[in-house]
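**Student:** One file: upload.cif (mmCIF, C-alpha atoms).
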data_work
#
loop_
_atom_site.label_atom_id
_atom_site.label_comp_id
_atom_site.auth_asym_id
_atom_site.auth_seq_id
_atom_site.Cartn_x
_atom_site.Cartn_y
_atom_site.Cartn_z
CA MET A 220 -9.31 -54.61 13.18
CA MET A 221 -6.15 -55.70 14.92
CA VAL A 222 -5.80 -55.36 18.67
CA SER A 223 -2.20 -55.32 19.68
CA LYS A 224 -1.43 -57.66 22.56
CA PRO A 225 0.71 -56.21 25.31
CA ASN A 226 4.09 -57.78 25.03
CA LYS A 227 5.82 -59.61 27.87
CA ALA A 228 8.33 -56.85 28.53
CA GLN A 229 5.58 -54.28 29.01
CA SER A 230 3.69 -56.52 31.44
CA MET A 231 6.85 -57.12 33.44
CA LYS A 232 7.51 -53.39 33.58
CA LYS A 233 4.01 -52.72 34.90
CA LEU A 234 4.36 -55.47 37.48
CA LEU A 235 7.69 -54.06 38.64
CA ILE A 236 6.27 -50.56 38.98
CA PHE A 237 3.37 -51.98 40.99
CA ILE A 238 5.70 -53.89 43.32
CA CYS A 239 7.88 -50.82 43.80
CA LEU A 240 4.90 -48.61 44.62
CA ALA A 241 3.37 -51.17 46.95
CA SER A 242 6.59 -51.64 48.89
CA LEU A 243 7.07 -47.88 49.06
CA PHE A 244 3.60 -47.38 50.52
CA SER A 245 3.95 -50.16 53.06
CA ALA A 246 7.33 -48.78 54.12
CA CYS A 247 5.82 -45.32 54.49
CA ARG A 248 2.96 -46.64 56.58
CA GLU A 249 5.28 -48.50 58.91
CA LYS A 250 7.45 -45.45 59.47
CA SER A 251 4.65 -42.98 59.89
CA THR A 252 3.06 -45.30 62.49
CA LEU A 253 6.26 -45.25 64.52
CA GLU A 254 6.40 -41.49 64.16
CA GLN A 255 2.82 -41.23 65.34
CA GLU A 256 3.64 -43.40 68.35
CA VAL A 257 6.53 -41.15 69.34
CA ILE A 258 4.35 -38.04 68.98
CA ALA A 259 1.59 -39.76 70.99
CA VAL A 260 3.95 -40.08 73.98
CA HIS A 261 4.80 -36.37 73.62
CA ASP A 262 1.12 -35.42 73.33
CA GLU A 263 0.29 -37.45 76.43
CA VAL A 264 2.63 -35.58 78.79
CA MET A 265 3.12 -32.22 77.08
CA PRO A 266 -0.14 -30.78 78.51
CA LYS A 267 1.22 -31.49 81.99
CA LEU A 268 4.06 -29.02 81.56
CA GLY A 269 1.95 -26.18 82.97
CA GLU A 270 1.20 -28.26 86.05
CA LEU A 271 4.90 -29.20 86.36
CA ASN A 272 5.85 -25.52 86.41
CA LYS A 273 3.18 -24.89 89.02
CA ASP A 274 4.65 -27.71 91.15
CA ARG A 275 8.09 -26.10 90.84
CA ARG A 276 6.77 -22.72 91.95
CA ASN A 277 4.96 -24.30 94.90
CA LEU A 278 8.18 -25.89 96.11
CA GLN A 279 10.13 -22.65 95.56
CA GLU A 280 7.56 -20.87 97.73
CA ILE A 281 7.94 -23.46 100.52
CA LEU A 282 11.74 -23.23 100.19
CA LYS A 283 11.63 -19.47 100.85
CA ASN A 284 10.08 -20.07 104.26
CA THR A 285 12.26 -23.03 105.23
CA THR A 286 15.17 -22.77 107.65
CA ASP A 287 15.93 -26.48 108.20
CA GLU A 288 18.99 -27.30 106.07
CA ASN A 289 17.94 -30.92 105.45
CA VAL A 290 14.50 -29.89 104.23
CA LYS A 291 16.08 -27.18 102.08
CA ALA A 292 18.35 -29.76 100.42
CA GLU A 293 15.41 -32.09 99.85
CA LEU A 294 13.34 -29.31 98.28
CA LEU A 295 16.22 -28.10 96.12
CA GLN A 296 16.78 -31.61 94.83
CA ALA A 297 13.09 -31.92 93.92
CA ILE A 298 13.10 -28.50 92.21
CA THR A 299 16.17 -29.49 90.19
CA ALA A 300 14.44 -32.70 89.12
CA LEU A 301 11.39 -30.71 87.93
CA GLU A 302 13.60 -28.26 86.04
CA LYS A 303 15.54 -31.13 84.47
CA ALA A 304 12.31 -32.81 83.34
CA ASP A 305 10.99 -29.52 81.93
CA ASP A 306 14.25 -28.94 80.06
CA GLY A 307 14.19 -32.53 78.85
CA MET A 308 10.84 -31.99 77.17
CA MET A 309 11.78 -28.61 75.69
CA ASP A 310 15.10 -29.99 74.41
CA TRP A 311 13.34 -32.99 72.93
CA MET A 312 10.97 -30.76 70.98
CA ALA A 313 13.77 -28.44 69.87
CA ASP A 314 15.77 -31.41 68.56
CA TRP A 315 12.83 -33.24 66.94
CA LYS A 316 13.46 -33.43 63.23
CA VAL A 317 12.52 -36.58 61.37
CA PRO A 318 15.13 -37.21 58.65
CA SER A 319 13.80 -37.16 55.11
CA ASN A 320 16.09 -40.02 54.17
CA MET A 321 13.95 -43.17 54.54
CA GLU A 322 16.88 -45.30 55.69
CA GLU A 323 17.69 -42.93 58.53
CA GLN A 324 14.08 -42.60 59.70
CA LYS A 325 13.63 -45.90 61.52
CA PRO A 326 16.77 -45.76 63.69
CA TYR A 327 16.06 -42.08 64.40
CA LEU A 328 12.49 -42.74 65.51
CA GLU A 329 13.51 -45.73 67.63
CA LYS A 330 16.11 -43.57 69.38
CA GLU A 331 13.59 -40.75 69.89
CA MET A 332 11.03 -43.19 71.30
CA ILE A 333 13.49 -44.17 74.06
CA ARG A 334 14.28 -40.51 74.65
CA ILE A 335 10.67 -39.27 74.88
CA LYS A 336 9.74 -42.19 77.18
CA LYS A 337 12.56 -41.10 79.50
CA VAL A 338 11.20 -37.52 79.39
CA LYS A 339 7.76 -38.86 80.31
CA THR A 340 9.11 -40.85 83.29
CA ASP A 341 11.21 -37.88 84.48
CA MET A 342 8.20 -35.58 84.30
CA LEU A 343 5.74 -37.89 86.05
CA GLU A 344 8.15 -38.96 88.78
CA SER A 345 9.35 -35.43 89.59
CA MET A 346 5.75 -34.18 89.68
CA GLU A 347 4.64 -36.96 91.98
CA ASN A 348 7.57 -36.31 94.31
CA ALA A 349 6.81 -32.57 94.28
CA LYS A 350 3.23 -33.21 95.35
CA ILE A 351 4.36 -35.47 98.22
CA LEU A 352 6.81 -32.80 99.43
CA LYS A 353 4.20 -30.07 99.14
CA GLU A 354 1.83 -32.10 101.29
CA LYS A 355 4.62 -32.87 103.77
CA TYR A 356 5.96 -29.36 104.23
CA THR A 357 2.95 -27.13 103.79
CA THR A 358 2.16 -25.57 107.16
CA LYS A 359 -1.41 -26.27 108.06
CA MET B 66 -51.51 9.31 47.05
CA ILE B 67 -51.82 9.22 50.84
CA ARG B 68 -52.25 5.45 50.69
CA TYR B 69 -49.03 5.15 48.66
CA SER B 70 -47.15 7.34 51.14
CA ILE B 71 -48.31 5.15 54.02
CA VAL B 72 -47.17 2.02 52.18
CA ILE B 73 -43.78 3.55 51.40
CA ILE B 74 -43.27 4.83 54.97
CA THR B 75 -44.27 1.41 56.36
CA ALA B 76 -41.88 -0.32 53.95
CA ILE B 77 -39.02 2.00 54.90
CA SER B 78 -39.74 1.49 58.62
CA ILE B 79 -39.73 -2.29 58.23
CA PHE B 80 -36.51 -2.07 56.25
CA MET B 81 -34.86 0.11 58.90
CA VAL B 82 -36.00 -2.13 61.76
CA SER B 83 -34.76 -5.24 59.96
CA CYS B 84 -31.46 -3.49 59.21
CA LYS B 85 -31.08 -2.57 62.86
CA GLU B 86 -31.63 -6.18 63.86
CA LYS B 87 -28.77 -7.24 61.60
CA THR B 88 -26.25 -5.10 63.50
CA PRO B 89 -24.25 -7.61 65.53
CA PRO B 90 -24.60 -7.26 69.29
CA ALA B 91 -21.66 -5.77 71.18
CA LEU B 92 -19.05 -8.31 72.17
CA PRO B 93 -19.14 -9.26 75.85
CA LYS B 94 -16.30 -8.49 78.25
CA LEU B 95 -15.00 -11.94 79.13
CA GLY B 96 -13.33 -13.21 82.28
CA PHE B 97 -13.94 -13.04 85.98
CA LYS B 98 -14.54 -9.68 87.65
CA LYS B 99 -11.66 -8.02 89.45
CA ILE B 100 -11.76 -5.95 92.61
CA VAL B 101 -10.03 -2.58 92.23
CA ASP B 102 -10.10 -0.16 95.18
CA GLY B 103 -12.89 -2.18 96.74
CA GLU B 104 -15.02 -2.01 93.62
CA GLU B 105 -15.93 -4.84 91.30
CA VAL B 106 -14.82 -4.14 87.73
CA ASP B 107 -14.74 -6.09 84.46
CA HIS B 108 -11.73 -8.35 83.99
CA PHE B 109 -8.77 -6.67 82.32
CA VAL B 110 -5.31 -7.98 81.54
CA LYS B 111 -2.72 -6.85 84.11
CA ASP B 112 0.22 -4.66 83.08
CA TRP B 113 3.09 -6.48 81.41
CA SER B 114 6.48 -5.64 79.99
CA PHE B 115 8.36 -7.88 77.53
CA MET B 116 11.19 -7.73 75.03
CA ASN B 117 10.46 -7.58 71.29
CA THR B 118 12.47 -8.96 68.37
CA ASP B 119 14.67 -5.84 68.37
CA SER B 120 15.42 -6.44 72.08
CA ALA B 121 13.44 -3.32 72.99
CA ILE B 122 11.05 -3.30 75.94
CA VAL B 123 7.37 -3.03 75.02
CA THR B 124 4.38 -2.97 77.35
CA ASN B 125 0.63 -3.44 77.18
CA LYS B 126 0.34 0.38 77.31
CA ASP B 127 1.92 0.52 73.85
CA LEU B 128 -1.22 -1.25 72.63
CA SER B 129 -3.74 1.17 74.12
CA ASP B 130 -4.58 2.64 70.70
CA VAL B 131 -5.24 -0.66 68.98
CA VAL B 132 -7.16 -3.88 69.43
CA TYR B 133 -4.94 -6.95 69.32
CA VAL B 134 -4.99 -10.70 68.92
CA SER B 135 -2.59 -12.67 71.09
CA ASP B 136 -1.44 -16.24 71.52
CA PHE B 137 1.11 -18.25 73.49
CA PHE B 138 3.54 -20.42 71.59
CA PHE B 139 7.12 -21.59 71.26
CA ARG B 140 9.13 -22.22 68.13
CA SER B 141 9.94 -25.87 68.70
CA CYS B 142 6.38 -26.98 69.55
CA PRO B 143 5.87 -29.78 67.04
CA THR B 144 2.12 -30.36 66.90
CA ILE B 145 -0.24 -27.59 68.03
CA CYS B 146 1.71 -24.35 67.45
CA PRO B 147 2.17 -24.66 63.67
CA LYS B 148 -1.62 -25.01 63.30
CA VAL B 149 -2.26 -22.05 65.59
CA ALA B 150 0.34 -19.93 63.76
CA ARG B 151 -1.39 -20.71 60.45
CA GLU B 152 -4.72 -19.43 61.81
CA MET B 153 -3.09 -16.39 63.42
CA LYS B 154 -1.59 -15.57 60.03
CA ARG B 155 -5.03 -15.87 58.42
CA VAL B 156 -6.36 -13.23 60.82
CA TYR B 157 -3.19 -11.15 60.27
CA LYS B 158 -3.74 -11.28 56.50
CA ALA B 159 -7.35 -10.12 56.94
CA TYR B 160 -6.18 -6.98 58.80
CA GLU B 161 -2.73 -6.55 57.28
CA ASP B 162 -3.51 -3.03 56.07
CA ASN B 163 -5.51 -1.93 59.07
CA PRO B 164 -3.35 -0.02 61.59
CA GLN B 165 -6.06 -0.44 64.23
CA VAL B 166 -5.20 -4.11 64.68
CA LYS B 167 -2.03 -5.72 66.01
CA PHE B 168 -0.88 -9.24 66.85
CA VAL B 169 1.13 -10.43 69.84
CA SER B 170 2.73 -13.85 70.31
CA PHE B 171 4.32 -14.59 73.68
CA THR B 172 6.92 -17.34 73.79
CA LEU B 173 6.57 -19.97 76.51
CA ASP B 174 10.18 -21.03 75.96
CA PRO B 175 12.25 -17.89 76.56
CA LYS B 176 15.40 -19.98 77.10
CA ARG B 177 15.47 -21.11 73.47
CA ASP B 178 13.31 -18.44 71.82
CA THR B 179 15.66 -15.48 72.13
CA PRO B 180 14.69 -12.17 70.44
CA GLN B 181 17.08 -13.05 67.60
CA LYS B 182 15.52 -16.50 67.13
CA LEU B 183 12.05 -14.96 67.21
CA LYS B 184 13.13 -12.48 64.55
CA GLU B 185 14.15 -15.39 62.32
CA TYR B 186 10.84 -17.11 63.07
CA ALA B 187 8.90 -13.97 62.04
CA ALA B 188 10.98 -13.72 58.85
CA ASN B 189 10.08 -17.32 58.00
CA LEU B 190 6.42 -16.53 58.57
CA GLN B 191 6.86 -13.48 56.30
CA VAL B 192 5.19 -11.06 58.66
CA ASP B 193 5.98 -7.49 59.71
CA THR B 194 7.26 -7.43 63.32
CA ASP B 195 5.91 -3.89 63.83
CA LYS B 196 2.44 -5.28 63.33
CA TRP B 197 2.91 -8.77 64.76
CA TRP B 198 5.02 -8.74 67.89
CA PHE B 199 6.93 -11.81 69.06
CA LEU B 200 7.69 -11.28 72.72
CA HIS B 201 10.28 -12.72 75.02
CA GLY B 202 10.25 -12.44 78.81
CA ASP B 203 10.63 -14.19 82.14
CA LYS B 204 9.20 -17.70 82.00
CA ASP B 205 7.16 -17.47 85.21
CA GLU B 206 5.81 -14.07 84.22
CA THR B 207 4.70 -15.50 80.89
CA PHE B 208 2.98 -18.41 82.62
CA ASP B 209 1.21 -15.92 84.92
CA LEU B 210 0.12 -13.98 81.88
CA THR B 211 -1.41 -17.08 80.30
CA SER B 212 -3.82 -17.22 83.25
CA GLU B 213 -4.66 -13.54 82.67
CA TYR B 214 -5.48 -14.07 79.01
CA MET B 215 -7.02 -17.50 79.37
CA GLN B 216 -9.55 -16.26 81.92
CA ILE B 217 -12.39 -16.65 79.54
CA GLY B 218 -15.04 -17.58 81.98
CA TYR B 219 -15.00 -21.32 81.92
CA GLU B 220 -11.43 -22.43 81.51
CA ASP B 221 -10.13 -24.76 84.17
CA GLU B 222 -6.43 -24.16 84.59
CA ASP B 223 -5.87 -27.71 85.75
CA ALA B 224 -7.73 -29.25 82.84
CA PRO B 225 -5.72 -31.62 80.69
CA GLY B 226 -4.43 -29.75 77.71
CA GLY B 227 -4.84 -26.60 79.78
CA LEU B 228 -2.50 -23.69 79.40
CA ASP B 229 0.38 -24.93 77.33
CA HIS B 230 -1.54 -26.45 74.53
CA SER B 231 -4.72 -24.43 74.65
CA GLY B 232 -3.76 -22.70 71.40
CA LYS B 233 -6.34 -19.97 71.68
CA LEU B 234 -6.31 -16.74 69.72
CA ILE B 235 -7.49 -14.03 72.10
CA LEU B 236 -8.93 -10.67 71.10
CA THR B 237 -8.24 -7.82 73.54
CA ASP B 238 -9.71 -4.32 73.26
CA LYS B 239 -7.98 -0.96 73.79
CA GLU B 240 -8.82 -1.01 77.50
CA GLY B 241 -7.34 -4.50 78.05
CA HIS B 242 -10.65 -6.38 78.24
CA ILE B 243 -10.82 -9.77 76.54
CA ARG B 244 -13.65 -9.60 74.04
CA SER B 245 -13.48 -12.77 71.97
CA PHE B 246 -11.36 -15.81 71.24
CA SER B 247 -11.13 -18.76 68.89
CA GLU B 248 -9.50 -22.17 68.98
CA GLY B 249 -6.36 -21.72 66.93
CA THR B 250 -6.37 -25.42 66.13
CA ASP B 251 -9.81 -25.22 64.49
CA PRO B 252 -9.73 -23.37 61.14
CA ASP B 253 -13.55 -23.26 61.16
CA GLU B 254 -13.50 -20.85 64.11
CA THR B 255 -11.18 -18.31 62.49
CA PRO B 256 -13.80 -16.50 60.32
CA LYS B 257 -15.83 -15.73 63.47
CA LEU B 258 -12.81 -14.13 65.13
CA ILE B 259 -12.14 -12.09 61.98
CA LYS B 260 -15.76 -10.91 62.13
CA ASP B 261 -15.55 -10.15 65.85
CA ILE B 262 -12.56 -7.86 65.26
CA LYS B 263 -14.69 -5.92 62.79
CA THR B 264 -17.51 -5.68 65.33
CA LEU B 265 -15.09 -4.46 68.00
CA LEU B 266 -13.59 -1.82 65.71
CA LYS B 267 -17.08 -0.60 64.91
CA GLU B 268 -17.67 -0.08 68.62
CA TYR B 269 -14.81 2.45 68.66
CA GLU B 270 -16.03 4.15 65.49
CA GLU B 271 -19.38 4.74 67.14
CA LYS B 272 -17.83 6.27 70.27
#
Represent the structure of the file as structure tokens.
**Tutor:**
Amino acid sequence: MMVSKPNKAQSMKKLLIFICLASLFSACREKSTLEQEVIAVHDEVMPKLGELNKDRRNLQEILKNTTDENVKAELLQAITALEKADDGMMDWMADWKVPSNMEEQKPYLEKEMIRIKKVKTDMLESMENAKILKEKYTTK
Amino acid sequence: MIRYSIVIITAISIFMVSCKEKTPPALPKLGFKKIVDGEEVDHFVKDWSFMNTDSAIVTNKDLSDVVYVSDFFFRSCPTICPKVAREMKRVYKAYEDNPQVKFVSFTLDPKRDTPQKLKEYAANLQVDTDKWWFLHGDKDETFDLTSEYMQIGYEDEDAPGGLDHSGKLILTDKEGHIRSFSEGTDPDETPKLIKDIKTLLKEYEEK
């Protein structure tokens, strides 16, 4: 009985397919990791959005009972910062769409990472400031 | 003959008792008590008024003849909401032909989720907007309402992952009491909610 030996061309073809698949998988993994990292930043601060809105309402309540123009301006500025941070997060989510084209994915995700980190900073800073102002201007 | 009769009667009694035990217990009324006119009453969801996908105003009173499942969501939410919507649709499918059950999704992002956008969202989900309402209203009012619906006895509003991402499916009865809920992010909890709706409907049949 004759066993046909695989010829050189066939072996090369198999090797090429293997290399292609392997590089495809490693590329996928790299990109999905970056995507996961971007989403992780979102997941970290997104649950704070309820608290951020509560902070805004607290300041709006204090503003209603304030007559001092300087304090009013300070509160308004803080409220605007909270609203801007809130909008930043909502806009980020509305715009979030990972391109299906592999070549476009990496630059897109890198850009979005910078953007979501800015959203995170805006949220945390405006919330911290709001809490300081609440403490400062709440009548005891 | 008498002996046989006794055996049969005993068997039937045992069967009836065991059947009775299988009837699920009534669902509790969840949430903290409220004080109305100086009297303590079971928690009920306060009156609300929102805009539906046809830009018509609907209120909680329009749901007084049905039991309904509600959730809070927004279209652009990338992680939690799609999972919750999938589970909500599972429950919807289970009661699609039952006019006694409705579904209500409140958007937490009224700025972007206009009635028109919500209509498109419902069309993508392939659901009937007479049965599953997608409601749009004032942002602060919606946030207030989340506290009303999320008052399920143990929830800490300040907990991480609190209101925005809680993703709960909440079952409300005809009188506005919250009777059951499930985690919309956990598909394993959905069958229990489907069963609880059946139990609740039975309560009204027996009345």
**Student:** Once you count all atoms listed in the file, what closest atom pair and distance in Å to one decimal does each residue of chain A within 8 Å of chain B have, with rows by chain and rising residue number, as a tab-separated table?
**Tutor:**
residue	atom	partner	partner_atom	distance
A:Met265	CA	B:Asp229	CA	7.8
A:Pro266	CA	B:Gly226	CA	4.5
A:Lys267	CA	B:Pro225	CA	7.1
A:Leu268	CA	B:Asp229	CA	6.9
A:Gly269	CA	B:Asp229	CA	6.0
A:Glu270	CA	B:Asp223	CA	7.1
A:Met309	CA	B:Ser141	CA	7.7
A:Met312	CA	B:Ser141	CA	5.5
A:Ala313	CA	B:Ser141	CA	4.8
A:Trp315	CA	B:Pro143	CA	7.8
**Student:** Determine the residue set returned by the PyMOL selection byres ((chain A and resi 281) around 10) for the present structure, and present it as a PDB file with C-alpha atoms, keeping the file's coordinate frame.
**Tutor:**
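As a result, selection.pdb now contains:
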ATOM      1  CA  ARG A 276       6.770 -22.720  91.950  1.00  0.00           C
ATOM      2  CA  ASN A 277       4.960 -24.300  94.900  1.00  0.00           C
ATOM      3  CA  LEU A 278       8.180 -25.890  96.110  1.00  0.00           C
ATOM      4  CA  GLN A 279      10.130 -22.650  95.560  1.00  0.00           C
ATOM      5  CA  GLU A 280       7.560 -20.870  97.730  1.00  0.00           C
ATOM      6  CA  LEU A 282      11.740 -23.230 100.190  1.00  0.00           C
ATOM      7  CA  LYS A 283      11.630 -19.470 100.850  1.00  0.00           C
ATOM      8  CA  ASN A 284      10.080 -20.070 104.260  1.00  0.00           C
ATOM      9  CA  THR A 285      12.260 -23.030 105.230  1.00  0.00           C
ATOM     10  CA  VAL A 290      14.500 -29.890 104.230  1.00  0.00           C
ATOM     11  CA  LYS A 291      16.080 -27.180 102.080  1.00  0.00           C
ATOM     12  CA  LEU A 294      13.340 -29.310  98.280  1.00  0.00           C
ATOM     13  CA  LEU A 352       6.810 -32.800  99.430  1.00  0.00           C
ATOM     14  CA  LYS A 353       4.200 -30.070  99.140  1.00  0.00           C
ATOM     15  CA  TYR A 356       5.960 -29.360 104.230  1.00  0.00           C
ATOM     16  CA  THR A 357       2.950 -27.130 103.790  1.00  0.00           C
ATOM     17  CA  THR A 358       2.160 -25.570 107.160  1.00  0.00           C
TER      18      THR A 358
END
**Student:** Name the residues captured by the PyMOL selection byres ((chain A and resi 335) around 9) when it is applied to the shown file; answer as a list in words.
**Tutor:**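 This file gives the following for the PyMOL selection byres ((chain A and resi 335) around 9): Val257, Ile258, Val260, His261, Gly307, Met308, Trp311, Lys330, Glu331, Met332, Ile333, Arg334, Lys336, Lys337, Val338, Lys339 and Thr340 of chain A.
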**Student:** Limited to C-alpha atoms, could you put the picked residues into a file as a PDB file, keeping the file's coordinate frame?
**Tutor:**
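In the end it all went to result39.pdb:
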ATOM      1  CA  VAL A 257       6.530 -41.150  69.340  1.00  0.00           C
ATOM      2  CA  ILE A 258       4.350 -38.040  68.980  1.00  0.00           C
ATOM      3  CA  VAL A 260       3.950 -40.080  73.980  1.00  0.00           C
ATOM      4  CA  HIS A 261       4.800 -36.370  73.620  1.00  0.00           C
ATOM      5  CA  GLY A 307      14.190 -32.530  78.850  1.00  0.00           C
ATOM      6  CA  MET A 308      10.840 -31.990  77.170  1.00  0.00           C
ATOM      7  CA  TRP A 311      13.340 -32.990  72.930  1.00  0.00           C
ATOM      8  CA  LYS A 330      16.110 -43.570  69.380  1.00  0.00           C
ATOM      9  CA  GLU A 331      13.590 -40.750  69.890  1.00  0.00           C
ATOM     10  CA  MET A 332      11.030 -43.190  71.300  1.00  0.00           C
ATOM     11  CA  ILE A 333      13.490 -44.170  74.060  1.00  0.00           C
ATOM     12  CA  ARG A 334      14.280 -40.510  74.650  1.00  0.00           C
ATOM     13  CA  LYS A 336       9.740 -42.190  77.180  1.00  0.00           C
ATOM     14  CA  LYS A 337      12.560 -41.100  79.500  1.00  0.00           C
ATOM     15  CA  VAL A 338      11.200 -37.520  79.390  1.00  0.00           C
ATOM     16  CA  LYS A 339       7.760 -38.860  80.310  1.00  0.00           C
ATOM     17  CA  THR A 340       9.110 -40.850  83.290  1.00  0.00           C
TER      18      THR A 340
END
**Student:** To one decimal in Å, tell me the separation between atom CA of Asp178 of chain B and atom CA of Phe246 of chain B.
**Tutor:**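 So the two atoms, atom CA of Asp178 of chain B and atom CA of Phe246 of chain B, lie 24.8 Å apart.
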**Student:** Care to translate the PyMOL selection byres ((chain B and resi 113-124) around 7) into actual residues of this file, as a list of chain:residue names?
**Tutor:** B:Lys111, B:Asp112, B:Asn125, B:Lys126, B:Asp127, B:Pro180, B:Gln181, B:Leu183, B:Lys184, B:Trp198, B:Phe199, B:Leu200, B:His201, B:Gly202
**Student:** Quick one, how far is atom CA of Lys233 of chain B from atom CA of Asp136 of chain B?
**Tutor:** 6.2 Å
**Student:** Quick one: residues within 10 Å of segment 254-256 of chain A, only C-alpha atoms, excluding same-chain residues fewer than 6 positions away - as number ranges by chain?
**Tutor:** A: 248, 262, 317, 324-325, 327-329, 331-332
**Student:** Env of segment 266-268 of chain B: 9 Å cut, atoms = all atoms listed in the file, seq-sep filter 5 positions within chain, self excluded. Answer as a compact mmCIF listing (two decimals) with C-alpha atoms, in the frame of the given file.
**Tutor:**
# COMPACT_ATOMS: atom_id res chain seq x y z
CA ALA B 91 -21.66 -5.77 71.18
CA VAL B 132 -7.16 -3.88 69.43
CA GLN B 165 -6.06 -0.44 64.23
CA VAL B 166 -5.20 -4.11 64.68
CA ASP B 238 -9.71 -4.32 73.26
CA ASP B 261 -15.55 -10.15 65.85
**Student:** Determine, counting all atoms listed in the file, which protein, DNA and RNA residues have an atom within 10 Å of an atom of Asn348 of chain A; residues of the same chain fewer than 2 positions away are not included. Present the result as a PDB file with C-alpha atoms, in the coordinates of the input.
**Tutor:**
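Writing the result to out_18.pdb gives the following:
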ATOM      1  CA  ASP A 274       4.650 -27.710  91.150  1.00  0.00           C
ATOM      2  CA  LEU A 294      13.340 -29.310  98.280  1.00  0.00           C
ATOM      3  CA  ALA A 297      13.090 -31.920  93.920  1.00  0.00           C
ATOM      4  CA  ILE A 298      13.100 -28.500  92.210  1.00  0.00           C
ATOM      5  CA  ALA A 300      14.440 -32.700  89.120  1.00  0.00           C
ATOM      6  CA  LEU A 301      11.390 -30.710  87.930  1.00  0.00           C
ATOM      7  CA  LEU A 343       5.740 -37.890  86.050  1.00  0.00           C
ATOM      8  CA  GLU A 344       8.150 -38.960  88.780  1.00  0.00           C
ATOM      9  CA  SER A 345       9.350 -35.430  89.590  1.00  0.00           C
ATOM     10  CA  MET A 346       5.750 -34.180  89.680  1.00  0.00           C
ATOM     11  CA  LYS A 350       3.230 -33.210  95.350  1.00  0.00           C
ATOM     12  CA  ILE A 351       4.360 -35.470  98.220  1.00  0.00           C
ATOM     13  CA  LEU A 352       6.810 -32.800  99.430  1.00  0.00           C
ATOM     14  CA  LYS A 353       4.200 -30.070  99.140  1.00  0.00           C
ATOM     15  CA  GLU A 354       1.830 -32.100 101.290  1.00  0.00           C
TER      16      GLU A 354
END
**Student:** When you look at Asp162 of chain B with a cut-off of 12 Å (counting all atoms listed in the file), what residues show up, excluding the ones that are within fewer than 5 positions of it in the same chain? I need them as a list in words.
**Tutor:** Val156, Tyr157, Lys167, Asp193 and Lys196 of chain B
**Student:** Which residue out of B:Thr255, B:Thr250, B:Thr207, B:Asn189 has the minimum interatomic distance to Leu173 of chain B when only C-alpha atoms are used?
**Tutor:**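 Once distances to Leu173 of chain B are computed over only C-alpha atoms, the minimum belongs to B:Thr207.
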**Student:** Report the distance between atom CA of Lys257 of chain B and atom CA of Thr237 of chain B in Å, rounded to one decimal place.
**Tutor:**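 Here the two named atoms are 14.9 Å from each other.
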**Student:** Using only C-alpha atoms, find the one residue out of B:Lys182, B:Trp197, B:Lys158, B:Val134 that sits nearest to Ser247 of chain B.
**Tutor:**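 Residue with the minimum atom-to-atom distance to Ser247 of chain B: B:Val134.
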